[in-house]
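Structure first, then comments.
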2 protein chains.
Amino acid sequence: MMMVARLFIALLLVAPAVARADGLRGTGNLGLVVERATGSVLIVDTSARKALGRVEGLGDLSHASAVFSPDQRYAYVFGRDGGLTKVDLLTVSIAKRIVQAGNSIGGAISDDGELIAVSNYEPGGVRVFDAQTLDAIASIPAVGADGKASKALGLVDLPGRRFVFALYDAGEIWVADLSAPEAPAIAKLTGVGKLPYDGNVTPDGRHYLAGLFGEDGVVHVDTWREPFKAERILNGYGRGEQPLPVYKMPHLEGWGATGDKLLLPAVGHHELIAVDLRSFAEVGRVATHGQPVFAVARPDGRHVWVNFAHPLNDTVEIVDTETMKVIHTLTPGPAVLHMEFTPRGNEVWVSVRDADRIDIYDAATFAKKAEIPAQKPSGIFFTARATRIGQ
Amino acid sequence: MMMVARLFIALLLVAPAVARADGLRGTGNLGLVVERATGSVLIVDTSARKALGRVEGLGDLSHASAVFSPDQRYAYVFGRDGGLTKVDLLTVSIAKRIVQAGNSIGGAISDDGELIAVSNYEPGGVRVFDAQTLDAIASIPAVGADGKASKALGLVDLPGRRFVFALYDAGEIWVADLSAPEAPAIAKLTGVGKLPYDGNVTPDGRHYLAGLFGEDGVVHVDTWREPFKAERILNGYGRGEQPLPVYKMPHLEGWGATGDKLLLPAVGHHELIAVDLRSFAEVGRVATHGQPVFAVARPDGRHVWVNFAHPLNDTVEIVDTETMKVIHTLTPGPAVLHMEFTPRGNEVWVSVRDADRIDIYDAATFAKKAEIPAQKPSGIFFTARATRIGQ
């Protein structure tokens, strides 16, 4: 019996908090919460509305984000310090960790789940890794038409083992086809505008938009039309001529894609801007409580939840996308940093950093259903992202 | 050591083919293939492109379909004989099985994953079960305005713990709110048209469409607008006045929702009909090889894959949704019954019933990547459906 007991203990150590009675569980309802100050992540169960455990040692997690393997067992966490950490959600542990650059910002996983791409500030460019082993596969130096190395950002996957990203310094947008990863085929759009600071693709993987930091406007690339063309939309959108100070550049990640329009956070202004998804023209504005940071659509697109920049960041507003009005206001607490919906939109998780807490709301009634303690939580990422283009 | 060895064998029996070295695996890349003739299902791994095992004893699986639990561990398989089987994908076994009616057609899972609803032909109506235990929770007899019990079908989930379905005999559409499942709140639309034979909701969960068997046309309900209204669209669509024999009524399940339009299989004719998602007017037709059965959009909406009714059912056509032209034709083999895309659309699985085979294609190049033997395969269902409204 001794031996059996010892083996049992060993098994328990391998599969701790997460395991059910039979040691097995599904991964479709798992997620990860970034704890930026402590370089740790919480693994969470969205059905139980509980944390399953904490993984430490992920380095600098300011502006960290995550993508998921197709089996929804592993998260790839992109840290600010160039760290790329593969986290095993089932064993609540680090499966593998590398530091692949000096300073990086975000990453993506190819549509087949085989390649991890990371966009770097220092030394710039994009590096590509094997999703299983994290072995280096390709490096794409982002040297623009000006001959200088550029920061890369706004990196997302496209169908067909492709990635798209922007070159901050050079003002370019590149589409890289990694069908043959040792020899990436790159289409380069030059002179798209000054200092693109973030980019994202519509949920269908078709339209890439990049916001500009150096001038007013947004750049649009229709990735279904080759040769690619960068077209300027929303002239006047941006920080260039804003009368208000900009407390935080808004994120294009998690934007409010809803049926036939997008709701984008305005820069500097207390507004969302609605963009028609056929014409890419502005079709309306919604006045908001503060400078919006994230405008996240409920998966059915009927509501968009909005959080705000400092000092108005204790509040969340809920916008009805039909009437384009704020229909409800919540004040979860100090420093609401991120919101993530369950995949079919029945609940939403909200990180309240300075309350060290995640709040879980019913997305239909807006009633709070649960709270989870967390250390200075920021980004929340659920495994259902593994099923999405542009995750 | 004896004891240890014995325990090891016991563990292997609990978690057979599916388990990795550590006995754990994710469930995001699992799926299920219905083997209709033998009342069995194959559990498959979409990353490995392999079958993991077979589960038998599911009864009559003609017209069977499946939905998944939010953790993507369990499939709920709806058989034609009223059987409702909860299949554990990780242990490749039946977790629970009940026979809940004499003759049934399809089912759905509530957005919170807690309720399973089944639409029945005999005795008619909808029955609702606890997703954990399969204990009966509610029964909704489908007695129409005419006072008679009706067959129920076209059942799908809506956000907010709701289900919508059609009454075949009575010609009605009902929206049932099961927020309080012991007392369902039901909105009834009467006189919507003769003999609705199938129904489905757009991917955003907003627009419910039901096809009519007894007359030409389709019924549309915008579930964002209350009180609900049933509006007729596509007059002239349907079997009522068709010059061609109808070999098989097409499915609305898995339809080609692509950006701003739907591609519906025409009834009797060798065509797809494109419907604008703003106006719900017809905006074009695509000539096809035969009478289309399923028109399934690749997840990015750029292509729609179409299979056909007997006797032209050895063929699959691929339609470009921008040009509205057939751009490629495949002939997988005799009796192509169903197609399912991987969640981000890089591959598609095709069941070729009379070749006893599943074919797996690269969705970008149309190259065949693998074959899997299966016994008279029909429906293919991947766990990513757990993340979708109207799954």
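Following the order of the structure tokens, first chain is A, next is B, and so on, with residues numbered from 1 inside each chain and ligands from 1 in the order they appear.
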Residues of chain A within 6 Å of chain B: nearest atom pair and distance (Å, one decimal) for each, counting only C-alpha atoms, sorted by chain and number, as a tab-separated table?
```
residue	atom	partner	partner_atom	distance
A:Val4	CA	B:Val4	CA	5.5
A:Gly26	CA	B:Arg73	CA	4.5
A:Thr27	CA	B:Gly26	CA	5.4
A:Gly28	CA	B:Asp71	CA	4.0
A:Asn29	CA	B:Asp71	CA	4.6
A:Pro70	CA	B:Asn29	CA	5.8
A:Asp71	CA	B:Gly28	CA	4.0
A:Gln72	CA	B:Gly28	CA	5.0
A:Arg73	CA	B:Gly26	CA	4.5
A:Asp111	CA	B:Arg344	CA	5.9
A:Asp204	CA	B:Asp300	CA	4.5
A:Asp300	CA	B:Asp204	CA	4.5
A:Pro343	CA	B:Thr387	CA	4.9
A:Arg344	CA	B:Ile389	CA	5.5
A:Thr387	CA	B:Pro343	CA	4.9
A:Arg388	CA	B:Arg344	CA	5.7
A:Ile389	CA	B:Arg344	CA	5.5
```
Since we have the selection now, will you write its residues out, keeping all heavy atoms, as a CSV table (one decimal), in the first residue's frame?
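Saved to selection.csv:
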```csv
chain,number,residue,atom,x,y,z
A,4,VAL,N,1.5,2.4,-3.4
A,4,VAL,CA,0.3,3.0,-4.1
A,4,VAL,C,0.1,4.4,-3.5
A,4,VAL,O,-0.1,5.3,-4.3
A,4,VAL,CB,-0.9,2.1,-3.8
A,4,VAL,CG1,-2.1,2.8,-4.3
A,4,VAL,CG2,-0.7,0.7,-4.3
A,26,GLY,N,-12.3,19.0,-18.9
A,26,GLY,CA,-12.3,19.7,-20.2
A,26,GLY,C,-11.6,21.1,-20.0
A,26,GLY,O,-11.3,21.5,-18.9
A,27,THR,N,-11.2,21.7,-21.1
A,27,THR,CA,-10.5,23.0,-21.0
A,27,THR,C,-11.2,24.1,-21.7
A,27,THR,O,-10.7,25.2,-21.7
A,27,THR,CB,-9.1,22.8,-21.7
A,27,THR,OG1,-9.3,22.3,-23.0
A,27,THR,CG2,-8.2,21.9,-20.9
A,28,GLY,N,-12.4,23.9,-22.2
A,28,GLY,CA,-13.2,24.9,-22.8
A,28,GLY,C,-13.7,26.0,-21.9
A,28,GLY,O,-14.0,27.1,-22.4
A,29,ASN,N,-13.7,25.8,-20.6
A,29,ASN,CA,-14.1,26.9,-19.7
A,29,ASN,C,-13.0,27.3,-18.8
A,29,ASN,O,-13.2,27.8,-17.7
A,29,ASN,CB,-15.3,26.3,-18.9
A,29,ASN,CG,-14.9,25.1,-18.1
A,29,ASN,OD1,-13.9,24.5,-18.3
A,29,ASN,ND2,-15.8,24.6,-17.3
A,70,PRO,N,-4.7,25.2,-30.0
A,70,PRO,CA,-6.0,24.7,-30.5
A,70,PRO,C,-6.7,23.7,-29.5
A,70,PRO,O,-7.9,23.7,-29.5
A,70,PRO,CB,-5.7,24.1,-31.8
A,70,PRO,CG,-4.4,24.7,-32.3
A,70,PRO,CD,-3.7,25.0,-31.0
A,71,ASP,N,-5.9,23.0,-28.8
A,71,ASP,CA,-6.5,22.1,-27.8
A,71,ASP,C,-7.0,22.8,-26.6
A,71,ASP,O,-7.6,22.1,-25.7
A,71,ASP,CB,-5.6,20.9,-27.5
A,71,ASP,CG,-4.3,21.3,-26.8
A,71,ASP,OD1,-4.1,22.6,-26.5
A,71,ASP,OD2,-3.4,20.5,-26.5
A,72,GLN,N,-6.7,24.0,-26.5
A,72,GLN,CA,-7.1,24.9,-25.3
A,72,GLN,C,-6.5,24.4,-24.0
A,72,GLN,O,-7.0,24.6,-22.9
A,72,GLN,CB,-8.6,25.0,-25.2
A,72,GLN,CG,-9.2,25.6,-26.5
A,72,GLN,CD,-10.7,25.8,-26.5
A,72,GLN,OE1,-11.3,25.9,-25.4
A,72,GLN,NE2,-11.3,25.9,-27.7
A,73,ARG,N,-5.4,23.7,-24.1
A,73,ARG,CA,-4.6,23.3,-22.9
A,73,ARG,C,-3.6,24.3,-22.5
A,73,ARG,O,-3.3,24.5,-21.3
A,73,ARG,CB,-4.0,21.9,-23.1
A,73,ARG,CG,-3.1,21.6,-21.9
A,73,ARG,CD,-2.6,20.1,-22.0
A,73,ARG,NE,-1.8,19.9,-20.8
A,73,ARG,CZ,-1.3,18.7,-20.5
A,73,ARG,NH1,-1.5,17.6,-21.2
A,73,ARG,NH2,-0.6,18.5,-19.4
A,111,ASP,N,-3.2,30.1,-37.8
A,111,ASP,CA,-4.5,29.5,-37.8
A,111,ASP,C,-4.5,28.0,-37.6
A,111,ASP,O,-5.4,27.4,-37.2
A,111,ASP,CB,-5.3,29.9,-39.1
A,111,ASP,CG,-4.6,29.4,-40.4
A,111,ASP,OD1,-3.5,28.9,-40.3
A,111,ASP,OD2,-5.3,29.6,-41.4
A,204,ASP,N,-13.9,38.5,-38.8
A,204,ASP,CA,-13.8,37.6,-39.9
A,204,ASP,C,-12.4,37.5,-40.5
A,204,ASP,O,-12.2,36.8,-41.5
A,204,ASP,CB,-14.8,38.0,-41.0
A,204,ASP,CG,-14.6,39.4,-41.5
A,204,ASP,OD1,-13.6,40.0,-41.1
A,204,ASP,OD2,-15.4,39.8,-42.4
A,300,ASP,N,-22.9,38.6,-29.0
A,300,ASP,CA,-24.0,38.7,-29.9
A,300,ASP,C,-24.1,40.1,-30.5
A,300,ASP,O,-24.9,40.4,-31.4
A,300,ASP,CB,-25.4,38.4,-29.3
A,300,ASP,CG,-25.8,39.4,-28.2
A,300,ASP,OD1,-24.9,40.3,-27.8
A,300,ASP,OD2,-26.9,39.4,-27.7
A,343,PRO,N,-17.8,32.8,-23.8
A,343,PRO,CA,-17.9,32.7,-25.3
A,343,PRO,C,-19.2,33.0,-25.8
A,343,PRO,O,-19.4,33.5,-26.9
A,343,PRO,CB,-17.4,31.3,-25.6
A,343,PRO,CG,-16.9,30.7,-24.3
A,343,PRO,CD,-17.1,31.6,-23.2
A,344,ARG,N,-20.3,32.6,-25.1
A,344,ARG,CA,-21.6,32.8,-25.7
A,344,ARG,C,-22.3,34.1,-25.1
A,344,ARG,O,-23.4,34.4,-25.3
A,344,ARG,CB,-22.5,31.6,-25.5
A,344,ARG,CG,-21.9,30.4,-26.4
A,344,ARG,CD,-22.9,29.4,-26.8
A,344,ARG,NE,-23.3,28.6,-25.8
A,344,ARG,CZ,-24.4,27.9,-25.7
A,344,ARG,NH1,-25.3,28.0,-26.7
A,344,ARG,NH2,-24.7,27.1,-24.7
A,387,THR,N,-10.6,29.6,-30.7
A,387,THR,CA,-11.4,29.3,-31.8
A,387,THR,C,-11.6,30.5,-32.7
A,387,THR,O,-12.3,30.4,-33.7
A,387,THR,CB,-12.8,28.9,-31.3
A,387,THR,OG1,-13.5,30.1,-30.7
A,387,THR,CG2,-12.8,27.8,-30.3
A,388,ARG,N,-10.9,31.6,-32.5
A,388,ARG,CA,-11.2,32.8,-33.2
A,388,ARG,C,-10.1,33.2,-34.1
A,388,ARG,O,-8.9,33.2,-33.8
A,388,ARG,CB,-11.4,34.0,-32.3
A,388,ARG,CG,-12.7,33.8,-31.5
A,388,ARG,CD,-13.0,35.1,-30.7
A,388,ARG,NE,-13.9,34.7,-29.6
A,388,ARG,CZ,-13.7,35.1,-28.3
A,388,ARG,NH1,-12.7,35.9,-28.0
A,388,ARG,NH2,-14.5,34.7,-27.4
A,389,ILE,N,-10.4,33.7,-35.3
A,389,ILE,CA,-9.5,34.4,-36.2
A,389,ILE,C,-9.1,35.7,-35.6
A,389,ILE,O,-9.9,36.4,-35.0
A,389,ILE,CB,-10.1,34.6,-37.6
A,389,ILE,CG1,-10.5,33.3,-38.2
A,389,ILE,CG2,-9.2,35.4,-38.5
A,389,ILE,CD1,-11.5,33.4,-39.4
```
Which neighbours of Thr38 in chain B fall inside 10 Å, counting only C-alpha atoms, when residues of the same chain fewer than 4 positions from it are skipped, and could you give them as a list in words?
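The residues that qualify are Val34, Glu56, Gly57, Leu58, Gly59, Asp60, Leu61, Ser62, Gln375, Lys376 and Pro377 of chain B.
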Just to be explicit: take each residue in the selection above, keep C-alpha atoms, and write the result as a PDB file, in the first residue's frame.
```pdb
ATOM      1  CA  VAL B  34     -21.979  10.263 -36.211  1.00  0.00           C
ATOM      2  CA  GLU B  56     -21.482   2.444 -29.262  1.00  0.00           C
ATOM      3  CA  GLY B  57     -25.034   2.060 -28.088  1.00  0.00           C
ATOM      4  CA  LEU B  58     -26.514   5.446 -29.017  1.00  0.00           C
ATOM      5  CA  GLY B  59     -29.629   4.076 -30.736  1.00  0.00           C
ATOM      6  CA  ASP B  60     -31.057   5.399 -34.004  1.00  0.00           C
ATOM      7  CA  LEU B  61     -28.724   8.123 -35.210  1.00  0.00           C
ATOM      8  CA  SER B  62     -30.369   9.041 -38.508  1.00  0.00           C
ATOM      9  CA  GLN B 375     -18.638   3.411 -40.519  1.00  0.00           C
ATOM     10  CA  LYS B 376     -21.177   5.174 -42.768  1.00  0.00           C
ATOM     11  CA  PRO B 377     -20.330   8.604 -41.348  1.00  0.00           C
TER      12      PRO B 377
END
```
May I ask which of the residues B:Phe366, B:Phe308, B:Trp349, B:Tyr237 is the closest one to Ala210 in chain B, counting only C-alpha atoms?
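Residue with the minimum atom-to-atom distance to Ala210 in chain B: B:Tyr237.
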Which parts of range 216-298 of chain A does DSSP call strand (DSSP E or B) when run on the backbone here, written out as a PyMOL selection string?
chain A and resi 218-222+230-233+256-258+261-265+271-276+282-287+292-297
Write out as a PyMOL selection string which residues come within 10 Å of range 142-156 of chain A when counting only C-alpha atoms, dropping same-chain ones fewer than 6 positions away.
chain A and resi 103-110+117-126+162-175+188-191+195-201+205+208-211+251-253+389-391
So that I can check the surroundings of Asn313 in chain A, please list as a CSV table (one decimal) with C-alpha atoms, in the first residue's frame every protein, DNA and RNA residue that reaches within 7 Å of it, counting only C-alpha atoms and ignoring chain neighbours fewer than 6 positions away.
```csv
chain,number,residue,atom,x,y,z
A,307,ASN,CA,-14.0,51.2,-19.7
A,334,PRO,CA,-10.7,51.6,-8.7
A,335,ALA,CA,-8.8,51.0,-12.0
A,336,VAL,CA,-11.0,48.8,-14.2
```
For Leu32 in chain A, please output as JSON, numbers by chain all residues within 7 Å (counting only C-alpha atoms; exclusion window: fewer than 2 positions along the same chain).
{"A": [34, 41, 42, 43, 44, 380, 381, 382]}
Could you write those residues out with N, CA, C and O atoms, as a tab-separated table (two decimals), in the first residue's frame?
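The resulting file, result.tsv, is reproduced below:
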```
chain	number	residue	atom	x	y	z
A	34	VAL	N	-4.02	38.00	-15.93
A	34	VAL	CA	-2.67	38.54	-15.74
A	34	VAL	C	-2.62	39.34	-14.44
A	34	VAL	O	-3.48	40.22	-14.22
A	41	VAL	N	0.17	34.69	-13.16
A	41	VAL	CA	-1.16	34.58	-13.77
A	41	VAL	C	-2.01	33.65	-12.91
A	41	VAL	O	-1.51	32.68	-12.34
A	42	LEU	N	-3.30	33.99	-12.83
A	42	LEU	CA	-4.27	33.10	-12.19
A	42	LEU	C	-4.90	32.24	-13.26
A	42	LEU	O	-5.29	32.76	-14.32
A	43	ILE	N	-5.03	30.95	-13.01
A	43	ILE	CA	-5.80	30.09	-13.91
A	43	ILE	C	-7.21	30.01	-13.33
A	43	ILE	O	-7.39	29.76	-12.14
A	44	VAL	N	-8.21	30.25	-14.20
A	44	VAL	CA	-9.58	30.35	-13.69
A	44	VAL	C	-10.52	29.39	-14.44
A	44	VAL	O	-10.24	28.98	-15.56
A	380	ILE	N	-7.64	39.75	-18.99
A	380	ILE	CA	-8.36	38.49	-18.76
A	380	ILE	C	-8.52	37.81	-20.12
A	380	ILE	O	-8.97	38.44	-21.09
A	381	PHE	N	-8.15	36.54	-20.21
A	381	PHE	CA	-8.16	35.82	-21.50
A	381	PHE	C	-8.76	34.44	-21.31
A	381	PHE	O	-8.24	33.66	-20.51
A	382	PHE	N	-9.82	34.13	-22.04
A	382	PHE	CA	-10.45	32.82	-21.93
A	382	PHE	C	-10.04	31.94	-23.12
A	382	PHE	O	-9.79	32.44	-24.22
```
Interatomic distance (Å, one decimal) between CA of Ala281 in chain B and CA of Leu234 in chain B
6.8 Å
Show me, as a PyMOL selection string, the residues that have an atom within 9 Å of Val283 in chain A when counting only C-alpha atoms, minus same-chain residues fewer than 6 positions from it.
chain A and resi 261+273-276
Output N, CA, C and O atoms for every residue in the selection just made, as a short mmCIF file (atom, residue, chain, number, x, y, z; two decimals), in the first residue's frame.
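Result went into result.cif, see below:
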```
data_model
loop_
_atom_site.label_atom_id
_atom_site.label_comp_id
_atom_site.auth_asym_id
_atom_site.auth_seq_id
_atom_site.Cartn_x
_atom_site.Cartn_y
_atom_site.Cartn_z
N LYS A 261 -21.37 47.08 -37.91
CA LYS A 261 -20.51 48.22 -37.58
C LYS A 261 -19.50 47.90 -36.49
O LYS A 261 -19.64 46.93 -35.76
N ILE A 273 -16.73 56.01 -31.63
CA ILE A 273 -17.05 56.35 -33.02
C ILE A 273 -17.53 55.08 -33.71
O ILE A 273 -16.87 54.05 -33.65
N ALA A 274 -18.70 55.14 -34.35
CA ALA A 274 -19.24 53.98 -35.06
C ALA A 274 -18.81 54.04 -36.51
O ALA A 274 -18.93 55.07 -37.18
N VAL A 275 -18.28 52.92 -37.00
CA VAL A 275 -17.79 52.82 -38.38
C VAL A 275 -18.61 51.75 -39.10
O VAL A 275 -18.75 50.64 -38.61
N ASP A 276 -19.15 52.09 -40.25
CA ASP A 276 -19.90 51.13 -41.06
C ASP A 276 -18.94 50.12 -41.67
O ASP A 276 -17.93 50.50 -42.28
#
```
